[in-house]
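Below is one structure, written out as structure tokens, with a few remarks after it.
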Amino acid sequence: MDERLQRRVQRYGWDKSAAQYEGYWHQQLAPALVRLRELANCQPGERVLDVACGTGLVSFPVAVDVGPNGSVLGVDLSERMIEIVRAGAAERGLLHTRFDRMDAEELRVDDASYDVALCSLGLMYVPNPRQALQEMHRALAPGARTVVSVWGQRDRCGWAEIFPIVDARVASEVCPMFYRLGGAEALAWEMEAAGFTDVTIERIETRLMYVSPEDACGAAFDGGPVALAYSRFDEQVKSEVRAEYLASIDAFRDGDGYAVPGEFVIGVGRKH
């Protein structure tokens, strides 16, 4: 896909899903969010850059970790995500946070100005993830660290058919690079190519728990990366894609709901 088109798809897609995102995904992503925070080990007074910050699922806990003498800059491609996260920061009284709309591949920040750079489950949506990692590397001070998480291998993510189901009905792929970083040592290779050293990788098995077919479809089509494409379907096509998606996860039925397998990959590296 043309990179400019992919950025537009991501920007307006996440604008579309922003209001639904946290309600459907906060608990589902918790294992990756908690572990990323642990590995980041942010200390009082540190300066943190959170790339693809979304609604603040990482930014807000990390802001507590660094305290009022530290700072957090969260950036996201989606204007609607930035509006939501700014409101959330104001409600929490997190005066040492700032949030701006930025492209991960072109960060408007000074060189060597952060102690920690984080990217939680956002790198899969970037047309050129190595460029985004290089930008994070540039933003870090010598000796600083980064922690990045992505979804894992396609064959370990039971909901993976959502993309071909939607792609079959649109002119271009919704997330053409989604699983590339989750395979084998791909994330480590990209981090090292971007300049990070001492790179380590963890894999976390998880289950996405849905209480009903409606809950599973809501997460897939209203609160996730295919929301924009789905919103443009007529009611007949929406019904078809919901039925196909539920059929694709039928093997993971758990009572009235579903327990769908998934995998997170977390990479840690340093700038020397």
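Ordering of the structure tokens sets the chain letters (A, B, ...); residue numbers start at 1 within each chain; ligands are numbered from 1 in the order shown.
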
Q: Could you give me, as a ChimeraX atom specification, the residues within 12 Å of Asp155 in chain A, counting only C-alpha atoms and dropping anything in the same chain fewer than 2 positions from it?
A: /A:151-153,157-161,179-180,182-184,261-263

Q) Can you list, as number ranges by chain, every protein, DNA or RNA residue that comes within 7 Å of range 211-214 of chain A when you count only C-alpha atoms, leaving out same-chain residues fewer than 2 positions away? A) A: 209, 216-218, 256-258

Hey, can you spit out that residue selection with C-alpha atoms as an mmCIF file, in the first residue's frame?
data_model
loop_
_atom_site.group_PDB
_atom_site.id
_atom_site.type_symbol
_atom_site.label_atom_id
_atom_site.label_comp_id
_atom_site.auth_asym_id
_atom_site.auth_seq_id
_atom_site.Cartn_x
_atom_site.Cartn_y
_atom_site.Cartn_z
ATOM 1 C CA MET A 209 -12.209 -12.845 26.707
ATOM 2 C CA ALA A 216 -16.517 -9.899 20.231
ATOM 3 C CA CYS A 217 -17.856 -8.038 17.201
ATOM 4 C CA GLY A 218 -17.839 -4.703 19.004
ATOM 5 C CA ASP A 256 -21.927 -17.886 25.725
ATOM 6 C CA GLY A 257 -18.733 -16.044 24.853
ATOM 7 C CA TYR A 258 -15.222 -16.624 23.544
#

Do you know which residues are at most 9 Å from Tyr21 in chain A counting only C-alpha atoms, after dropping those on the same chain fewer than 5 positions away, and could you put them as an mmCIF file with N, CA and C atoms, in the first residue's frame?
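Result written to around-v6.cif:
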data_model
loop_
_atom_site.group_PDB
_atom_site.id
_atom_site.type_symbol
_atom_site.label_atom_id
_atom_site.label_comp_id
_atom_site.auth_asym_id
_atom_site.auth_seq_id
_atom_site.Cartn_x
_atom_site.Cartn_y
_atom_site.Cartn_z
ATOM 1 N N TRP A 14 -8.427 5.384 13.369
ATOM 2 C CA TRP A 14 -8.379 5.507 14.827
ATOM 3 C C TRP A 14 -9.205 6.679 15.321
ATOM 4 N N HIS A 26 -9.100 -2.152 26.998
ATOM 5 C CA HIS A 26 -8.242 -1.921 28.167
ATOM 6 C C HIS A 26 -7.910 -3.222 28.890
ATOM 7 N N GLY A 54 -2.449 6.706 22.128
ATOM 8 C CA GLY A 54 -3.869 6.385 22.199
ATOM 9 C C GLY A 54 -4.579 7.184 23.271
ATOM 10 N N THR A 55 -5.378 6.496 24.091
ATOM 11 C CA THR A 55 -6.169 7.162 25.128
ATOM 12 C C THR A 55 -5.429 7.277 26.456
ATOM 13 N N ALA A 219 -15.589 -5.250 19.721
ATOM 14 C CA ALA A 219 -14.149 -5.045 19.815
ATOM 15 C C ALA A 219 -13.501 -5.083 18.434
ATOM 16 N N ASP A 222 -15.833 -2.076 15.958
ATOM 17 C CA ASP A 222 -16.114 -0.713 16.411
ATOM 18 C C ASP A 222 -14.937 -0.076 17.147
ATOM 19 N N GLY A 223 -14.156 -0.879 17.872
ATOM 20 C CA GLY A 223 -13.101 -0.321 18.699
ATOM 21 C C GLY A 223 -11.703 -0.604 18.224
ATOM 22 N N GLY A 224 -11.538 -1.152 17.024
ATOM 23 C CA GLY A 224 -10.214 -1.565 16.563
ATOM 24 C C GLY A 224 -9.817 -0.983 15.229
#

**Q.** Selected residue, from A:Val85, A:Cys119, A:Val51, A:Ala168, that lies nearest to Glu22 in chain A when counting only C-alpha atoms
**A.**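 Smallest separation from Glu22 in chain A among the options: A:Val85.
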
**Q.** Among listed residues A:Val170, A:Val241, A:Ala112, A:Ile204, nearest Lys271 in chain A (using only C-alpha atoms)
**A.**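 When distances to Lys271 in chain A are compared using only C-alpha atoms, the smallest one comes from A:Ala112.
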
Q: Identify, on the basis of only C-alpha atoms, every residue whose closest approach to Lys16 in chain A does not exceed 10 Å; exclude the query and any residue fewer than 6 positions from it along the same chain; express the result as JSON, numbers by chain.
A: {"A": [10, 78, 80, 81, 222, 223, 224, 225, 226, 227, 228, 229, 231]}

Q | strand (DSSP E or B) per DSSP on the backbone: members of range 90-177 of chain A, as a PyMOL selection string | A | chain A and resi 97-101+103+106+114-120+140-151

Q: Would you mind telling me which residue in A:Leu5, A:Val150, A:Leu49, A:Ala259 lies nearest to Val62 in chain A when using only C-alpha atoms?
A: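 Closest candidate: A:Leu49.
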
Q.
Env of range 28-38 of chain A: 8 Å cut, atoms = only C-alpha atoms, seq-sep filter 5 positions within chain, self excluded. Answer as an MDAnalysis selection string.
A. chainID A and resid 57:58 61:62 120 147:149 204 206:209 264 266

Q: To one decimal in Å, tell me the separation between CA of Asn128 in chain A and CA of Met191 in chain A.
A: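 Computed distance, CA of Asn128 in chain A to CA of Met191 in chain A, equals 12.4 Å.
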